[in-house]
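> Quick one: the structure is below, and I'll ask about it shortly.
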Amino acid sequence: MEGGGIENPAFETPSSDLGRRYHAGPASPGAGAAARARPCLGPEEGPCGWGPCTPRALQLCNNSEGYLAAYSLLAIFQGIVVNGLINISISTIEKRYELNSSLTGLISASYDIAFCVLSLFVSYFGERGHKPRWLAFSAFMLGLGSLVFSLPHFSSGKYQYGGKLEDTCQTAETIFANATCSASTNSSLHKYLYVFILGQLLLGVGGTPLYTLGTAFIDDSVPKHKSSLYIGIGYAMSLLGPAVGYVVGGQLLKVYIDIQMPKSTKVDQDDPRWLGAWWIGFLVCFFAIWLLIIPFSCFPRHLPGTAKIQAEKISETHDDGSQVLVQTNNIGQSFKDFPMALLILLRNPVLMSLIIASSSEALVATGFATFLPKFIENQFGKSSSFSATLGGLVLIPAAALGQVISGVLVSKCKMDCKGIIKFMISTCSVALILNTVFLFAKCGNEPFAGVSETYNGRTGTLYNLTAPCNANCRCLRSMYYPICGRDDIQYFSPCFAGCASYLFNNMKKTYHNCSCIGKSKRENGSEDFLYEAVPGKCPTQCKFLPLFLTFFFFAVVFTFMANTPTTVAILRCVPDKQRSFALGVQSVFLRLLGTIPGPILFGVAIDNSCTLWDINECETKGACWVYDNERMAYLLMGISAACKTITIIFVVMAVCFYKPPPLTKALPRKTSEKISVICT
């Protein structure tokens with residue numbers, strides 16, 4: 001190296017690697033002789049182990065299947081932490097550390113910020129480095145980020161909670177009579193915000209090499225027709241992480257936050273003061289992820305047989321002269337080549353069309369991943385926990401199935417780059433058609449006192465929860481505990497229904513002496529003597545939930561069937577030395593245009609359909625309690641349809657732009673590359 005810099009094997013130039021890679025190919029007797037020249041050979045395709053320690057048992061894993069298993073495990077644990085445990089723990093962290101939603105939103109965005117900042121540099125320098133060692137570094141940072149994210153629990157002391165909040169009319173008068181607008185007391189708990197942000201930044205650093213260098217290494221190590229299958233399996237495994245995270249995290253939240261509950265006061269899970277043990281999952285993942293450093297650190301720079309596989313591959317790089325430019329100028333050897341390398345990719349019309357198309361799909365995918373449970377909860381009158389379960393049962397299996405199916409189809413049909421892009425057009429078109437499920441599987445709003453119905457059909461006004469029957473109860477709109485009256489009308493809370501008392505019958509809570517609830521509308525009114533209201537929303541009369549879930553399941557399948565082909569097409573249409581860098585560029589655009597604005601855009605659309613907001617004593621608008629279901633359905637369908645139309649347009653543009661290299665032009669280019677790297 002010029003300049004006498006410090007040599008680092010993770011940032012070695014690829015000259016010896018390429019010499020070994022191409023010398024091993026059966027190009028010609030002369031090339032074979034060169035391959036046997038010991039000075040030209042390096043340890044890139046060495047055995048699996050650590051230096052001279054190469055146990056025979058480890059060699060059983062020194063292949064593409066062994067690497068795929070380690071890659072899948074790391075992707076699963078990354079998904080568990082980043083997209084599972086953090087998402088399900090956010091509300092608990094808000095309450096425990098007195099953070100508002102804006103600050104927890106900053107915590108969530110910190111991962112994407114770190115990913116965007118580092119993705120280009122990691123993928124650029126890692127392209128010519130030791131990719132498995134980069135993934136060992138990825139595992140180290142992911143484990144460290146998990147540990148840091150759990151640290152606030154161990155330094156913030158025991159959880160302290162206040163007095164129990166009652167929800168009935170007569171108690172509310174006593175407790176909330178003196179409720180005034182006052183600033184919250186000073187607390188040091190909010191300072192832990194910076195620890196959570198640091199944890200997320202570390203997780204972002206760790207996640208960057210995984211889906212850029214890790215994916216490119218799979219493509220390096222397997223034949224071209226198997227690449228899509230292996231990448232599809234790896235991506236499908238990564239989708240299991242959020243599912244496991246939600247299931248395990250949900251169970252851990254049933255454990256009290258400090259494990260042992262104080263003997264003086266009993267708090268059950270139905271109590272608003274209950275907080276679960278959110279931190280346990282992060283601690284377990286810390287140990288599990290750090291164990292994965294071991295397998296990644298023992299893989300060689302290239303798996304055995306990589307040179308032969310690379311020699312047999314025929315370039316499908318978009319014929320715009322970029323391949324020749326990269327080879328002749330040896331772009332990518334130093335940091336000064338970074339601007340030129342980036343410009344080459346940005347000027348590739350096929351690559352940019354595919355990136356914009358995938359970003360548009362990512363916007364929809366992340367939007368629905370965030371708000372599908374809320375949509376199900378409001379449209380079909382289900383509880384939040386049941387809606388989250390249904391959303392997970394639809395999204396995760398459908399997305400994984402789509403990834404695997406597309407990987408198998410592309411592999412079995414041995415599609416070339418142009419065929420893969422055409423295949424994406426068909427899957428996106430079917431997904432757009434299935435998206436019309438929002439038009440016919442939507443539900444109207446159920447009767448809601450003070451919102452869509454007046455109290456007893458005669459008192460009060462619409463969009464005003466206060467009526468003569470509850471005026472003396474001094475109810476708070478910030479305490480949303482919906483109940484269903486015997487008149488089949490939903491009420492905001494027992495207090496707003498004028499309920500003065502409650503009883504427990506067979507562990508079921510019932511409310512009585514409710515001044516705002518009218519007589520039962522049912523023919524058999526014998527139940528009037530048993531209760532006047534029960535906790536929860538009224539059962540919906542809408543029966544479209546099974547139809548919606550079926551259509552939406554297949555819409556997700558066809559949406560994610562374009563994901564693996566997009567990655568494979570990106571790897572094919574760029575110069576060989578820029579494949580990891582191309583995935584890094586895609587990752588940046590994917591977040592800037594997709595995963596970051598997606599939840600924001602969907603959130604704005606859902607807020608736009610709100611009909612009843614939470615207004616606290618300070619007259620500050622908080623969360624939305626009631627939505628206009630039809631408006632919500634139309635808005636979400638409009639966003640989804642618009643994004644999928646954009647996706648189809650840019651995929652069609654990619655087909656039109658793509659020019660495969662002529663065979664007579666591609667082969668000499670490959671031969672010249674072999675010759676140029678001999679003993680350099």
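Going by the structure tokens order, chains are called A, B, ..., each with residues numbered from 1, while ligands are numbered from 1 in the order shown.
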Which residues in range 54-259 of chain A does DSSP call alpha helix (DSSP H)? List them as a ChimeraX atom specification.
/A:64-79,86-96,101-126,131-155,169-175,193-210,213-221,224-252
> Name the closest residue to Asp416 in chain A among the candidates A:Leu283, A:Val655, A:Leu372, A:Val122; distances are taken between atoms, counting only C-alpha atoms.
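When distances to Asp416 in chain A are compared using only C-alpha atoms, the smallest one comes from A:Val655.
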> Could you state the separation of CA of Met415 in chain A and CA of His225 in chain A in Å, given to one decimal place?
7.6 Å
> For each of A:Tyr159, A:Phe196, A:Phe287, A:Tyr124, take the minimum atom-to-atom distance to Tyr256 in chain A, counting only C-alpha atoms, then give the residue where this is smallest.
A:Tyr159
> Can you tell me, as an MDAnalysis selection string, what residues are no more than 10 Å from Leu193 in chain A when counting only C-alpha atoms, ignoring any on the same chain fewer than 5 positions away?
chainID A and resid 93:94 97:99 103:104 106:107 152 198:199
> I'd like the neighbourhood of range 443-453 of chain A as a PyMOL selection string, where a residue qualifies if any of its atoms comes within 9 Å (using only C-alpha atoms), though same-chain residues fewer than 2 positions away should be ignored.
chain A and resi 378-381+440-441+455-457+460-467+488-492+497+538-544+611-612+626-630+633
> Run DSSP on the backbone and tell me which residues of range 503-660 of chain A come out as strand (DSSP E or B); list them as a PyMOL selection string.
chain A and resi 503-505+508-514+533-535+610-615+621-627
> Given the choices A:Pro535, A:Gly518, A:Pro339, A:Gly598, which gets closest to Leu120 in chain A if the distance is worked out from only C-alpha atoms?
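Ranked by minimum distance to Leu120 in chain A, first place goes to A:Pro339.
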> Given the choices A:Thr92, A:Asn513, A:Gln251, A:Asn470, which gets closest to Gly281 in chain A if the distance is worked out from only C-alpha atoms?
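Answer, going by the shortest atom-to-atom distance: A:Gln251.
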> My list of candidates is A:Ala569, A:Thr317, A:Leu151, A:Pro295. Which is closest to Ile280 in chain A when distances are computed with only C-alpha atoms?
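Smallest distance to Ile280 in chain A is found for A:Leu151.
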> Considering only C-alpha atoms, state which residue in the set A:Cys516, A:Leu68, A:Ala562, A:Ala75 is at the smallest distance from Ala357 in chain A.
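The answer is A:Ala562, which sits nearest to Ala357 in chain A.
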